Each structure stands twice: as C-alpha cells, then as structure tokens.
Amino acid sequence: MAYRAIQCVKIQDDIDTAIESLSLGTITQKQLGPNEIRVDVHASSLNYFDLLMLVGRYQMKQNPPFVPGAECCGVVSEIGSKVRRYKLGDRVMIFMNQSCLAEEVVIAANLVLPLPDALSFEEGSGFGVGYTTAYHGLVQRGCLVEDEIVLVTGASGGMGIAAIQVAKALGAIVIAAASSEEKLAVARLVGADHTINYSSDNMKERVKEITNGRYVDVIYEIVGGDIFNQCVRCIGAKGRLLIIGFASGTIPKFPINLALVKGFSLVGVRSGVSMMLNPDLTKDMITELMKLAFEGKLVPYIGLSVPASQMKRAFYSIHRREIIGKAVIQWKTESRL
C-alpha cells in the first residue's frame, strides 16, 4: 500500500525555486516495528526551518529525496506488538520528527503525545515545536519568573504566539513586537499586555515608556538582523537575551561591549538538541506543557489551513512573511479548526 507525501527531490539554490519543485506524490507504506505506531495524519504544520531545509541552509541536513516537516497530528491506526501506551483511535501529536508532511507517519510510541481534547487536529499539529522551544527558552534557559517583563519579537508568528502564551501562563508581563497593526491585534488576542509596531515605533523608546525606564528582563528574539540590534538596547541589567532564530534571514553582529556595560546575558536556545541531551529536563517540560494545554492555556493560532493539493500556498505564506500564526496542511476533509 502507498500513502501521499510532500517530497523534496533536490536541494535548490533559492526558496522560490525550492517551493515550486516540491511534489505531492506517493510513498510505499513502511513496515511497523514492535515498539512503533502508525498514525493516520489529519494535519501537518510548517515551520520556518522547513524552508531552510529545502535549500540546505539549516544546521540539520537531509539528503534528497526526503519528506520535510517536523510536526503533525492524527489518529493511531496500527500498533506494534510491544506497544501498551496507546490504542487504536487515540488522537496524538508528533513533533521534533522528520517526514511529517505526509498522510501517514510511523514512529516510536514513546515519541508521541496525546492530543488534548480542547485542541483540534490543526491546532495539535502546530503545538510541539513552538511550545517546547518557548518553554525551554523562557524557563530552562531564560530562568523567567513571575512578574518579570518579556519582550517577544516576531510576535505574530507561530513561535512568537507560543512564547506569549507560555510567558503569560508563567505570570510574566508580555510586550509583543511585530511589523503591522494586524499582526499586533492577534498578539493582543492571545494575551500580550503591550505591543510595539517596529515598522513605525522606536523600539527602545517604546520599551522605556512601557516599563517606566526599567527596560525588560527577558527578550525572546526570533527575527535577527536590525531587530536584534534594537533589542540589545531594550534589555535591562541582568537581563537575558534569548537567541531563538533569524527569521529575517540576516545573522546580526553587534558591539559585544554592550553586554559588558549593561550586564546582560546572551543565551542560545536549541530545544531539539537539549531534548535529546537532557531527558530529565525534557520530561519536566513535557509534563508542564501538557498540563497547561489540558487546562486550555496553550492554544496555537491557525492563520492558514489548506488541503494538501494547495501545499505550496502554505509554504509561500511563510516565505513571504504573510502568515499570522501557524500554516497548516490538511490531509483529511473532516479536519476542523
């Protein structure tokens, strides 16, 4: 038997060409191992790094042909002989995995999480990467505590929205920064206390105004480039500037003496690697995230949901920075928002 999957057949030089060269084809069904489950995928979601994988610019490389995608959600359709944790029909989430842009995934049962009843398949497909990165960054790397002030850049994307919700669940005060009023409206909708439009506002002056000259304790920096350069002037003494990624495509350079003079820390955040190296911390993180999700405090915002036949539209929405929230690809017509 075969199943449908999105395939990258060649690493391209630019993202537009890479998206156009993606194909929706069929793959022969894999045999199930004793500790594995087969998941009938209802929805898969995209991340910015999925685009980088198509052009060979991500730190983790794949040799073509390959099926991209790191997170999806669906129903258990087959169970290996030694699996006891799940049963047929269970709704589950998969993340930090490869080959998720497909209507079927075979995966070790211990790498799957139950889908909270409050979440749809689309929402569940966009949960794993964003919220584990947010929790690892804010709590395990950023040491965020209640009543501290957090500045989130790229706040209207899937990663930014996850950071806003996690920070609010931890009792922080959140300033969301994005490039348009439309995007900031969504940031407020998901819990941001204050907003900054960095297309028109002076970020340092707005942060100073909002915090009464205190500046911020933690910055969750997703964008890179000039936005990063502005962020280093928005952080207070003993602050933590969390480096999440470079969605602008520009890796910044800045005067390192600013960190010395202001006394703040630059902190790299790589949740996927950390999860592999620190299983005890991973267990604690997953336990807390699932608790918050089942309480309804963490809900991904779905900005675009398209059938697999329109998958290029989803990729372009990220590449052109049009997406607000998560871009999702549906594999079943009964998927719901």
# chains A, B, ... in the order shown; residues from 1 in each chain; ligands from 1

call {"tool": "select_by_dssp", "arguments": {"residues": "region 122-255 of chain A", "states": "alpha helix (DSSP H)", "output": "PyMOL selection string"}}
result
chain A and resi 122-125+128-135+158-169+181-189+203-210+225-231

call {"tool": "residues_around", "arguments": {"residues": "region 150-156 of chain A", "least_positions_apart": "6", "cutoff": "8 Å", "atoms": "only C-alpha atoms", "output": "PDB file with C-alpha atoms, in the first residue's frame"}}
result
ATOM      1  CA  ALA A 163       6.147  32.408  23.623  1.00  0.00           C
ATOM      2  CA  ILE A 164       3.423  34.924  24.522  1.00  0.00           C
ATOM      3  CA  ALA A 167       5.100  33.637  29.346  1.00  0.00           C
ATOM      4  CA  ALA A 172       5.047  37.384  33.211  1.00  0.00           C
ATOM      5  CA  ILE A 173       4.219  40.757  31.674  1.00  0.00           C
ATOM      6  CA  VAL A 174       4.485  40.465  27.882  1.00  0.00           C
ATOM      7  CA  ILE A 175       5.411  43.112  25.312  1.00  0.00           C
ATOM      8  CA  ALA A 176       4.765  41.838  21.784  1.00  0.00           C
ATOM      9  CA  ALA A 177       6.654  43.357  18.835  1.00  0.00           C
ATOM     10  CA  ALA A 178       5.669  42.840  15.211  1.00  0.00           C
ATOM     11  CA  SER A 179       5.646  44.663  11.870  1.00  0.00           C
ATOM     12  CA  LYS A 183      -0.241  41.228  13.467  1.00  0.00           C
ATOM     13  CA  LEU A 184      -0.248  43.065  16.796  1.00  0.00           C
ATOM     14  CA  VAL A 186      -3.509  38.885  17.083  1.00  0.00           C
ATOM     15  CA  ALA A 187      -0.708  39.219  19.650  1.00  0.00           C
ATOM     16  CA  VAL A 216      12.907  44.286  30.039  1.00  0.00           C
ATOM     17  CA  ASP A 217      14.160  41.230  31.887  1.00  0.00           C
ATOM     18  CA  VAL A 218      13.957  38.703  29.052  1.00  0.00           C
ATOM     19  CA  ILE A 219      13.893  39.096  25.275  1.00  0.00           C
ATOM     20  CA  TYR A 220      12.639  36.217  23.137  1.00  0.00           C
ATOM     21  CA  GLU A 221      14.346  37.161  19.867  1.00  0.00           C
ATOM     22  CA  ILE A 222      13.199  35.354  16.751  1.00  0.00           C
ATOM     23  CA  VAL A 223      13.905  37.780  13.928  1.00  0.00           C
ATOM     24  CA  ILE A 227      15.523  43.908  15.138  1.00  0.00           C
ATOM     25  CA  ILE A 324      -0.051  35.138  11.180  1.00  0.00           C
ATOM     26  CA  GLY A 325       0.178  32.153  13.495  1.00  0.00           C
TER      27      GLY A 325
END

call {"tool": "residues_around", "arguments": {"residues": "region 94-97 of chain A", "least_positions_apart": "5", "cutoff": "6 Å", "atoms": "only C-alpha atoms", "output": "list in words"}}
result
Ala70, Glu71, Cys72, Cys73, Val112 and Gly128 of chain A

call {"tool": "closest_residue", "arguments": {"among": "A:Ala18, A:Met1, A:Leu138, A:Met159", "to": "Glu104 (chain A)", "atoms": "only C-alpha atoms"}}
result
A:Met1

call {"tool": "closest_residue", "arguments": {"among": "A:Pro307, A:Gly263, A:Gly74, A:Gly245", "to": "Gly137 (chain A)", "atoms": "only C-alpha atoms"}}
result
A:Gly245

call {"tool": "select_by_dssp", "arguments": {"residues": "region 6-255 of chain A", "states": "strand (DSSP E)", "output": "VMD selection string"}}
result
chain A and resid 6 to 7 23 to 28 36 to 45 71 to 79 91 to 95 104 to 108 112 to 114 149 to 152 173 to 178 194 to 197 216 to 221 235 to 243

call {"tool": "closest_residue", "arguments": {"among": "A:Gly158, A:Gly272, A:Pro255, A:Gly213", "to": "Val232 (chain A)", "atoms": "only C-alpha atoms"}}
result
A:Pro255

call {"tool": "atom_distance", "arguments": {"atom1": "CA of Ile15 (chain A)", "atom2": "CA of Ser305 (chain A)"}}
result
20.8 Å

call {"tool": "residues_around", "arguments": {"residues": "Ile11 (chain A)", "least_positions_apart": "2", "cutoff": "10 Å", "atoms": "only C-alpha atoms", "output": "list in words"}}
result
Cys8, Val9, Asp13, Asp14, Ile15, Thr17, Ala18, Ser21, Leu52, Met53, Leu54, Val55, Gly56, Arg57, Gln62, Asn63, Pro64 and Pro65 of chain A

call {"tool": "decode", "arguments": {"residues": "region 221-254 of chain A", "atoms": "N, CA, C and O atoms", "output": "short mmCIF file (atom, residue, chain, number, x, y, z; two decimals), in the first residue's frame"}}
result
data_model
loop_
_atom_site.label_atom_id
_atom_site.label_comp_id
_atom_site.auth_asym_id
_atom_site.auth_seq_id
_atom_site.Cartn_x
_atom_site.Cartn_y
_atom_site.Cartn_z
N GLU A 221 14.01 36.53 21.14
CA GLU A 221 14.35 37.16 19.87
C GLU A 221 14.37 36.15 18.73
O GLU A 221 15.25 35.30 18.63
N ILE A 222 13.41 36.31 17.84
CA ILE A 222 13.20 35.35 16.75
C ILE A 222 13.71 35.87 15.42
O ILE A 222 14.06 35.09 14.54
N VAL A 223 13.79 37.17 15.25
CA VAL A 223 13.91 37.78 13.93
C VAL A 223 15.34 37.94 13.44
O VAL A 223 15.64 37.69 12.27
N GLY A 224 16.25 38.39 14.32
CA GLY A 224 17.62 38.67 13.88
C GLY A 224 17.72 40.01 13.17
O GLY A 224 16.82 40.85 13.24
N GLY A 225 18.82 40.22 12.47
CA GLY A 225 19.01 41.44 11.70
C GLY A 225 18.91 42.70 12.54
O GLY A 225 19.37 42.75 13.69
N ASP A 226 18.29 43.74 11.98
CA ASP A 226 18.18 45.02 12.66
C ASP A 226 17.34 44.94 13.92
O ASP A 226 17.57 45.70 14.87
N ILE A 227 16.36 44.04 13.95
CA ILE A 227 15.52 43.91 15.14
C ILE A 227 16.37 43.46 16.33
O ILE A 227 16.21 43.96 17.45
N PHE A 228 17.28 42.53 16.10
CA PHE A 228 18.20 42.13 17.17
C PHE A 228 19.01 43.33 17.65
O PHE A 228 19.19 43.53 18.86
N ASN A 229 19.51 44.12 16.72
CA ASN A 229 20.32 45.28 17.09
C ASN A 229 19.54 46.27 17.94
O ASN A 229 20.10 46.91 18.84
N GLN A 230 18.24 46.39 17.68
CA GLN A 230 17.41 47.24 18.52
C GLN A 230 17.16 46.61 19.89
O GLN A 230 17.09 47.31 20.90
N CYS A 231 17.06 45.30 19.91
CA CYS A 231 16.77 44.60 21.17
C CYS A 231 17.86 44.79 22.21
O CYS A 231 17.58 44.88 23.41
N VAL A 232 19.11 44.84 21.78
CA VAL A 232 20.20 44.95 22.76
C VAL A 232 20.14 46.27 23.51
O VAL A 232 20.79 46.42 24.55
N ARG A 233 19.36 47.21 23.00
CA ARG A 233 19.19 48.50 23.68
C ARG A 233 17.89 48.57 24.48
O ARG A 233 17.55 49.59 25.06
N CYS A 234 17.18 47.45 24.51
CA CYS A 234 15.90 47.40 25.24
C CYS A 234 15.98 46.55 26.50
O CYS A 234 14.99 46.42 27.22
N ILE A 235 17.11 45.94 26.76
CA ILE A 235 17.22 44.99 27.86
C ILE A 235 17.84 45.65 29.09
O ILE A 235 18.72 46.51 28.99
N GLY A 236 17.34 45.26 30.26
CA GLY A 236 17.81 45.84 31.50
C GLY A 236 19.01 45.10 32.07
O GLY A 236 19.47 44.08 31.53
N ALA A 237 19.51 45.62 33.18
CA ALA A 237 20.63 44.97 33.87
C ALA A 237 20.23 43.57 34.31
O ALA A 237 19.10 43.33 34.74
N LYS A 238 21.14 42.63 34.17
CA LYS A 238 20.93 41.22 34.49
C LYS A 238 19.87 40.56 33.60
O LYS A 238 19.34 39.50 33.92
N GLY A 239 19.56 41.21 32.47
CA GLY A 239 18.59 40.65 31.55
C GLY A 239 19.16 39.48 30.77
O GLY A 239 20.37 39.25 30.73
N ARG A 240 18.26 38.73 30.13
CA ARG A 240 18.65 37.57 29.33
C ARG A 240 18.09 37.74 27.92
O ARG A 240 16.85 37.79 27.75
N LEU A 241 18.97 37.84 26.94
CA LEU A 241 18.55 37.97 25.55
C LEU A 241 18.64 36.59 24.92
O LEU A 241 19.73 36.07 24.69
N LEU A 242 17.47 36.00 24.66
CA LEU A 242 17.40 34.63 24.15
C LEU A 242 17.44 34.64 22.63
O LEU A 242 16.60 35.25 21.98
N ILE A 243 18.41 33.95 22.07
CA ILE A 243 18.57 33.89 20.62
C ILE A 243 17.84 32.64 20.12
O ILE A 243 18.30 31.51 20.30
N ILE A 244 16.69 32.86 19.49
CA ILE A 244 15.84 31.76 19.04
C ILE A 244 16.10 31.43 17.58
O ILE A 244 16.12 30.26 17.18
N GLY A 245 16.28 32.47 16.75
CA GLY A 245 16.50 32.22 15.33
C GLY A 245 16.68 33.52 14.58
O GLY A 245 16.79 34.60 15.17
N PHE A 246 16.68 33.40 13.25
CA PHE A 246 16.96 34.55 12.38
C PHE A 246 15.98 34.56 11.22
O PHE A 246 16.35 34.40 10.06
N ALA A 247 14.70 34.78 11.55
CA ALA A 247 13.65 34.71 10.54
C ALA A 247 13.81 35.75 9.46
O ALA A 247 13.29 35.58 8.34
N SER A 248 14.52 36.83 9.74
CA SER A 248 14.76 37.87 8.73
C SER A 248 15.74 37.40 7.66
O SER A 248 15.85 38.01 6.60
N GLY A 249 16.46 36.33 7.96
CA GLY A 249 17.47 35.85 7.04
C GLY A 249 18.84 36.46 7.26
O GLY A 249 19.81 36.08 6.60
N THR A 250 18.93 37.39 8.21
CA THR A 250 20.21 38.06 8.48
C THR A 250 20.71 37.73 9.88
O THR A 250 20.01 37.97 10.87
N ILE A 251 21.89 37.15 9.97
CA ILE A 251 22.51 36.88 11.27
C ILE A 251 23.19 38.16 11.73
O ILE A 251 24.07 38.69 11.05
N PRO A 252 22.80 38.72 12.87
CA PRO A 252 23.30 40.04 13.27
C PRO A 252 24.70 40.01 13.86
O PRO A 252 25.18 38.97 14.33
N LYS A 253 25.33 41.16 13.80
CA LYS A 253 26.58 41.41 14.51
C LYS A 253 26.34 42.66 15.36
O LYS A 253 25.67 43.58 14.93
N PHE A 254 26.89 42.66 16.58
CA PHE A 254 26.67 43.83 17.43
C PHE A 254 27.88 44.06 18.32
O PHE A 254 28.67 43.14 18.56
#
